[in-house]
file my_file_35.pdb (PDB, C-alpha atoms)
ATOM      1  CA  MET A 700      93.922 105.593 104.045
ATOM      2  CA  TRP A 701      94.197 109.273 105.001
ATOM      3  CA  GLN A 702      93.110 108.676 108.595
ATOM      4  CA  ARG A 703      96.488 107.106 109.424
ATOM      5  CA  VAL A 704      99.337 109.327 110.579
ATOM      6  CA  GLN A 705     101.862 107.392 108.457
ATOM      7  CA  THR A 706     100.002 108.463 105.330
ATOM      8  CA  LEU A 707     100.433 112.057 106.410
ATOM      9  CA  TYR A 708     104.147 111.421 106.955
ATOM     10  CA  LEU A 709     104.449 109.957 103.458
ATOM     11  CA  ALA A 710     102.517 112.847 101.911
ATOM     12  CA  ILE A 711     104.717 115.464 103.594
ATOM     13  CA  SER A 712     107.850 113.559 102.590
ATOM     14  CA  THR A 713     106.629 113.411  98.986
ATOM     15  CA  ALA A 714     105.832 117.128  99.012
ATOM     16  CA  LEU A 715     109.281 118.010 100.357
ATOM     17  CA  ILE A 716     111.046 115.953  97.702
ATOM     18  CA  ALA A 717     108.745 117.253  94.946
ATOM     19  CA  ALA A 718     109.476 120.822  96.065
ATOM     20  CA  LEU A 719     113.140 120.254  95.219
ATOM     21  CA  PHE A 720     112.213 120.138  91.531
ATOM     22  CA  PHE A 721     111.391 123.853  91.745
ATOM     23  CA  CYS A 722     114.032 125.056  94.229
ATOM     24  CA  ASN A 723     117.654 126.066  93.941
ATOM     25  CA  LYS A 724     120.391 124.156  95.685
ATOM     26  CA  ALA A 725     122.876 126.976  95.968
ATOM     27  CA  GLY A 726     122.933 130.378  94.334
ATOM     28  CA  ASP A 727     121.333 130.001  90.912
ATOM     29  CA  ILE A 728     122.044 126.264  90.641
ATOM     30  CA  SER A 729     118.885 124.169  90.687
ATOM     31  CA  TYR A 730     118.618 120.515  91.610
ATOM     32  CA  VAL A 731     117.299 119.583  88.183
ATOM     33  CA  SER A 732     120.189 121.222  86.323
ATOM     34  CA  TYR A 733     122.507 118.392  87.408
ATOM     35  CA  TRP A 734     121.125 115.171  85.917
ATOM     36  CA  PRO A 735     122.201 112.720  88.691
ATOM     37  CA  TYR A 736     120.232 114.814  91.182
ATOM     38  CA  LEU A 737     117.312 114.879  88.770
ATOM     39  CA  VAL A 738     117.339 111.084  88.419
ATOM     40  CA  LEU A 739     117.474 110.616  92.195
ATOM     41  CA  LEU A 740     114.637 113.091  92.716
ATOM     42  CA  ILE A 741     112.472 111.332  90.144
ATOM     43  CA  VAL A 742     113.157 107.898  91.666
ATOM     44  CA  ILE A 743     112.482 109.108  95.222
ATOM     45  CA  THR A 744     109.273 110.868  94.200
ATOM     46  CA  LEU A 745     108.011 107.807  92.335
ATOM     47  CA  LEU A 746     108.811 105.542  95.296
ATOM     48  CA  ASN A 747     106.972 107.863  97.679
ATOM     49  CA  VAL A 748     103.937 108.072  95.397
ATOM     50  CA  LEU A 749     103.999 104.291  95.044
ATOM     51  CA  ALA A 750     104.117 103.941  98.829
ATOM     52  CA  LEU A 751     101.183 106.340  99.150
ATOM     53  CA  THR A 752      99.044 104.471  96.657
ATOM     54  CA  THR A 753      99.734 100.884  97.788
ATOM     55  CA  TRP A 754      98.152 101.198 101.201
ATOM     56  CA  ARG A 755      96.376  97.835 100.882
ATOM     57  CA  PHE A 756      99.682  95.965 100.557
ATOM     58  CA  ARG A 757     101.399  96.958 103.784
ATOM     59  CA  VAL A 758     104.542  94.812 103.479
ATOM     60  CA  PHE A 759     105.211  96.186  99.986
ATOM     61  CA  GLN A 760     104.467  99.681 101.284
ATOM     62  CA  VAL A 761     107.021  99.280 104.087
ATOM     63  CA  ARG A 762     109.670  98.023 101.665
ATOM     64  CA  THR A 763     108.999 100.868  99.256
ATOM     65  CA  THR A 764     109.156 103.431 102.064
ATOM     66  CA  VAL A 765     112.423 102.052 103.424
ATOM     67  CA  LEU A 766     113.966 101.987  99.933
ATOM     68  CA  SER A 767     112.870 105.589  99.454
ATOM     69  CA  ALA A 768     114.462 106.532 102.780
ATOM     70  CA  ILE A 769     117.745 104.855 101.809
ATOM     71  CA  ILE A 770     117.904 106.605  98.439
ATOM     72  CA  THR A 771     116.938 109.920 100.036
ATOM     73  CA  PHE A 772     119.723 109.447 102.596
ATOM     74  CA  ALA A 773     122.140 108.848  99.712
ATOM     75  CA  LEU A 774     120.966 112.090  98.093
ATOM     76  CA  GLN A 775     121.466 113.971 101.355
ATOM     77  CA  SER A 776     124.948 112.478 101.755
ATOM     78  CA  TRP A 777     125.806 113.557  98.225
ATOM     79  CA  LEU A 778     124.597 117.083  99.001
ATOM     80  CA  ILE A 779     126.819 117.164 102.091
ATOM     81  CA  VAL A 780     129.825 116.025 100.048
ATOM     82  CA  ASP A 781     129.083 118.760  97.487
ATOM     83  CA  PHE A 782     128.861 121.311 100.281
ATOM     84  CA  VAL A 783     132.198 120.239 101.764
ATOM     85  CA  ILE A 784     133.931 120.161  98.386
ATOM     86  CA  THR A 785     132.712 123.618  97.353
ATOM     87  CA  GLY A 786     133.431 125.102 100.772
ATOM     88  CA  ASN A 787     131.081 127.910 101.680
ATOM     89  CA  ASP A 788     131.043 129.354  98.188
ATOM     90  CA  PRO A 789     128.218 129.442  97.104
ATOM     91  CA  LEU A 790     125.976 129.173 100.140
ATOM     92  CA  PHE A 791     123.469 126.360 100.101
ATOM     93  CA  HIS A 792     119.797 127.131 100.631
ATOM     94  CA  LEU A 793     117.622 125.740 103.381
ATOM     95  CA  THR A 794     116.098 123.369 100.834
ATOM     96  CA  ALA A 795     119.276 121.281 101.047
ATOM     97  CA  LEU A 796     117.904 119.984 104.370
ATOM     98  CA  PHE A 797     114.590 118.791 102.894
ATOM     99  CA  PRO A 798     115.952 115.277 102.228
ATOM    100  CA  THR A 799     116.924 114.915 105.900
ATOM    101  CA  VAL A 800     113.386 115.735 107.009
ATOM    102  CA  ALA A 801     112.022 113.398 104.311
ATOM    103  CA  VAL A 802     114.194 110.514 105.600
ATOM    104  CA  ILE A 803     112.923 111.030 109.146
ATOM    105  CA  LEU A 804     109.314 111.121 107.938
ATOM    106  CA  ASP A 805     109.817 108.002 105.798
ATOM    107  CA  ILE A 806     111.238 106.093 108.763
ATOM    108  CA  LEU A 807     108.341 107.179 110.970
ATOM    109  CA  ALA A 808     105.888 106.142 108.264
ATOM    110  CA  ALA A 809     107.548 102.731 107.860
ATOM    111  CA  ARG A 810     107.352 102.140 111.608
ATOM    112  CA  GLY A 811     103.654 103.059 111.633
ATOM    113  CA  ILE A 812     102.860 100.873 108.636
ATOM    114  CA  TRP A 813     104.711  97.931 110.168
ATOM    115  CA  ALA A 814     102.857  98.422 113.465
ATOM    116  CA  ASP A 815      99.573  98.252 111.529
ATOM    117  CA  GLU A 816     100.713  95.078 109.784
ATOM    118  CA  LEU A 817     101.611  93.446 113.090
ATOM    119  CA  MET A 818      98.219  94.422 114.525
ATOM    120  CA  VAL A 819      96.396  92.914 111.541
ATOM    121  CA  ARG A 820      98.439  89.715 111.777
ATOM    122  CA  SER A 821      97.750  89.321 115.480
ATOM    123  CA  SER A 822      94.031  89.909 115.053
ATOM    124  CA  SER A 823      93.939  87.409 112.176
ATOM    125  CA  ARG A 824      95.710  84.858 114.312
ATOM    126  CA  LEU A 825      93.208  85.406 117.126
ATOM    127  CA  ARG A 826      90.262  85.048 114.752
ATOM    128  CA  SER A 827      91.626  81.858 113.234
ATOM    129  CA  SER A 828      92.270  80.323 116.664
ATOM    130  CA  LYS A 829      88.655  81.046 117.700
ATOM    131  CA  ARG A 830      87.358  79.305 114.574
ATOM    132  CA  LYS A 831      89.405  76.190 115.279
ATOM    133  CA  LYS A 832      87.984  75.813 118.796
ATOM    134  CA  HIS A 833      84.368  75.567 117.623
TER     135      HIS A 833
END

call {"tool": "encode", "arguments": {"input": "my_file_35.pdb", "output": "structure tokens"}}
result
Amino acid sequence: MWQRVQTLYLAISTALIAALFFCNKAGDISYVSYWPYLVLLIVITLLNVLALTTWRFRVFQVRTTVLSAIITFALQSWLIVDFVITGNDPLFHLTALFPTVAVILDILAARGIWADELMVRSSSRLRSSKRKKH
């Protein structure tokens, strides 16, 4: 499981999203002080952990990773809307960009997982065709 690069991508993505539980969004305002952000963070973290732990079921893992990326993109979009609405007062911290990095890592992980699934399917097809010939 840990020898695959997509697992590393998922672990880093999970760590970035989990770090938002302890960071401030802007000024003294934390992400967990606003309950819709808290709900999104919990859902994204659970989806990432689920994707990390279901490495034997690659199709489910890809779907979970893509769903996590979509929800994380929605969170990032919401953060951008909040930034535009509030103007530059107060200034947002660098942690507001963590969801963007997490989306990129989730997409890379999904591509890697799907490539593994295609490789397994092709090797299974080759093995089954060899059995039929004999």

call {"tool": "closest_residue", "arguments": {"input": "my_file_35.pdb", "among": "A:Asp727, A:Gln705, A:Pro798, A:Cys722", "to": "Ser776 of chain A", "atoms": "all atoms listed in the file"}}
result
A:Pro798

call {"tool": "resolve_selection", "arguments": {"input": "my_file_35.pdb", "expression": "the PyMOL selection byres ((chain A and resi 772) around 12)", "output": "ChimeraX atom specification"}}
result
/A:716,739-740,743,765-771,773-779,795-806

call {"tool": "resolve_selection", "arguments": {"input": "my_file_35.pdb", "expression": "the PyMOL selection byres ((chain A and resi 724) around 9)", "output": "VMD selection string"}}
result
chain A and resid 719 722 to 723 725 to 730 778 790 to 795

call {"tool": "write_last_selection", "arguments": {"input": "my_file_35.pdb", "atoms": "C-alpha atoms", "output": "mmCIF file, in the frame of the given file"}}
result
data_model
loop_
_atom_site.group_PDB
_atom_site.id
_atom_site.type_symbol
_atom_site.label_atom_id
_atom_site.label_comp_id
_atom_site.auth_asym_id
_atom_site.auth_seq_id
_atom_site.Cartn_x
_atom_site.Cartn_y
_atom_site.Cartn_z
ATOM 1 C CA LEU A 719 113.140 120.254 95.219
ATOM 2 C CA CYS A 722 114.032 125.056 94.229
ATOM 3 C CA ASN A 723 117.654 126.066 93.941
ATOM 4 C CA ALA A 725 122.876 126.976 95.968
ATOM 5 C CA GLY A 726 122.933 130.378 94.334
ATOM 6 C CA ASP A 727 121.333 130.001 90.912
ATOM 7 C CA ILE A 728 122.044 126.264 90.641
ATOM 8 C CA SER A 729 118.885 124.169 90.687
ATOM 9 C CA TYR A 730 118.618 120.515 91.610
ATOM 10 C CA LEU A 778 124.597 117.083 99.001
ATOM 11 C CA LEU A 790 125.976 129.173 100.140
ATOM 12 C CA PHE A 791 123.469 126.360 100.101
ATOM 13 C CA HIS A 792 119.797 127.131 100.631
ATOM 14 C CA LEU A 793 117.622 125.740 103.381
ATOM 15 C CA THR A 794 116.098 123.369 100.834
ATOM 16 C CA ALA A 795 119.276 121.281 101.047
#

call {"tool": "atom_distance", "arguments": {"input": "my_file_35.pdb", "atom1": "atom CA of Tyr708 of chain A", "atom2": "atom CA of Ser822 of chain A"}}
result
25.1 Å

call {"tool": "atom_distance", "arguments": {"input": "my_file_35.pdb", "atom1": "atom CA of Val704 of chain A", "atom2": "atom CA of Met818 of chain A"}}
result
15.5 Å

call {"tool": "atom_distance", "arguments": {"input": "my_file_35.pdb", "atom1": "atom CA of Val758 of chain A", "atom2": "atom CA of Leu817 of chain A"}}
result
10.1 Å

call {"tool": "closest_residue", "arguments": {"input": "my_file_35.pdb", "among": "A:Trp813, A:Pro735, A:Ala808, A:Thr753", "to": "Ala710 of chain A", "atoms": "all atoms listed in the file"}}
result
A:Ala808

call {"tool": "axis_aligned_box", "arguments": {"input": "my_file_35.pdb", "around": "segment 747-760 of chain A", "padding_each_side": "6 Å", "output": "AutoDock Vina command-line options"}}
result
--center_x 101.7 --center_y 101.4 --center_z 99.4 --size_x 22.6 --size_y 25.3 --size_z 20.7

call {"tool": "residues_near_point", "arguments": {"input": "my_file_35.pdb", "point": "(102.8, 101.8, 109.5)", "cutoff": "9 Å", "atoms": "all atoms listed in the file", "output": "NGL selection string"}}
result
:A and (703-706 or 757 or 760-761 or 807-816)

call {"tool": "build_atoms", "arguments": {"input": "my_file_35.pdb", "residues": "segment 800-829 of chain A", "atoms": "N, CA and C atoms", "output": "compact mmCIF listing (two decimals), in the coordinates of the input"}}
result
# COMPACT_ATOMS: atom_id res chain seq x y z
N VAL A 800 114.73 115.78 106.43
CA VAL A 800 113.39 115.74 107.01
C VAL A 800 112.58 114.62 106.34
N ALA A 801 112.75 114.44 105.03
CA ALA A 801 112.02 113.40 104.31
C ALA A 801 112.44 112.01 104.79
N VAL A 802 113.73 111.81 105.09
CA VAL A 802 114.19 110.51 105.60
C VAL A 802 113.55 110.22 106.95
N ILE A 803 113.52 111.21 107.82
CA ILE A 803 112.92 111.03 109.15
C ILE A 803 111.44 110.68 109.01
N LEU A 804 110.74 111.39 108.14
CA LEU A 804 109.31 111.12 107.94
C LEU A 804 109.08 109.74 107.32
N ASP A 805 109.95 109.34 106.39
CA ASP A 805 109.82 108.00 105.80
C ASP A 805 110.02 106.91 106.84
N ILE A 806 110.99 107.09 107.72
CA ILE A 806 111.24 106.09 108.76
C ILE A 806 110.06 106.03 109.72
N LEU A 807 109.52 107.18 110.10
CA LEU A 807 108.34 107.18 110.97
C LEU A 807 107.15 106.51 110.29
N ALA A 808 106.99 106.76 109.01
CA ALA A 808 105.89 106.14 108.26
C ALA A 808 106.07 104.62 108.19
N ALA A 809 107.29 104.17 107.94
CA ALA A 809 107.55 102.73 107.86
C ALA A 809 107.26 102.06 109.20
N ARG A 810 107.64 102.70 110.28
CA ARG A 810 107.35 102.14 111.61
C ARG A 810 105.84 102.04 111.85
N GLY A 811 105.11 103.08 111.46
CA GLY A 811 103.65 103.06 111.63
C GLY A 811 102.98 102.01 110.77
N ILE A 812 103.43 101.87 109.54
CA ILE A 812 102.86 100.87 108.64
C ILE A 812 103.15 99.47 109.17
N TRP A 813 104.36 99.25 109.65
CA TRP A 813 104.71 97.93 110.17
C TRP A 813 103.91 97.62 111.44
N ALA A 814 103.68 98.63 112.26
CA ALA A 814 102.86 98.42 113.46
C ALA A 814 101.44 98.02 113.07
N ASP A 815 100.89 98.63 112.03
CA ASP A 815 99.57 98.25 111.53
C ASP A 815 99.57 96.81 111.02
N GLU A 816 100.62 96.44 110.31
CA GLU A 816 100.71 95.08 109.78
C GLU A 816 100.77 94.06 110.92
N LEU A 817 101.54 94.35 111.94
CA LEU A 817 101.61 93.45 113.09
C LEU A 817 100.26 93.33 113.80
N MET A 818 99.54 94.44 113.90
CA MET A 818 98.22 94.42 114.52
C MET A 818 97.24 93.57 113.71
N VAL A 819 97.28 93.70 112.40
CA VAL A 819 96.40 92.91 111.54
C VAL A 819 96.74 91.43 111.64
N ARG A 820 98.03 91.11 111.66
CA ARG A 820 98.44 89.72 111.78
C ARG A 820 97.99 89.11 113.11
N SER A 821 98.15 89.87 114.18
CA SER A 821 97.75 89.32 115.48
C SER A 821 96.24 89.14 115.57
N SER A 822 95.49 90.07 115.02
CA SER A 822 94.03 89.91 115.05
C SER A 822 93.59 88.76 114.15
N SER A 823 94.26 88.54 113.05
CA SER A 823 93.94 87.41 112.18
C SER A 823 94.25 86.09 112.88
N ARG A 824 95.34 86.07 113.59
CA ARG A 824 95.71 84.86 114.31
C ARG A 824 94.68 84.55 115.40
N LEU A 825 94.22 85.61 116.09
CA LEU A 825 93.21 85.41 117.13
C LEU A 825 91.89 84.91 116.53
N ARG A 826 91.50 85.48 115.40
CA ARG A 826 90.26 85.05 114.75
C ARG A 826 90.35 83.60 114.28
N SER A 827 91.48 83.23 113.73
CA SER A 827 91.63 81.86 113.23
C SER A 827 91.68 80.86 114.39
N SER A 828 92.24 81.24 115.52
CA SER A 828 92.27 80.32 116.66
C SER A 828 90.87 80.14 117.27
N LYS A 829 90.04 81.17 117.20
CA LYS A 829 88.66 81.05 117.70
C LYS A 829 87.84 80.11 116.80
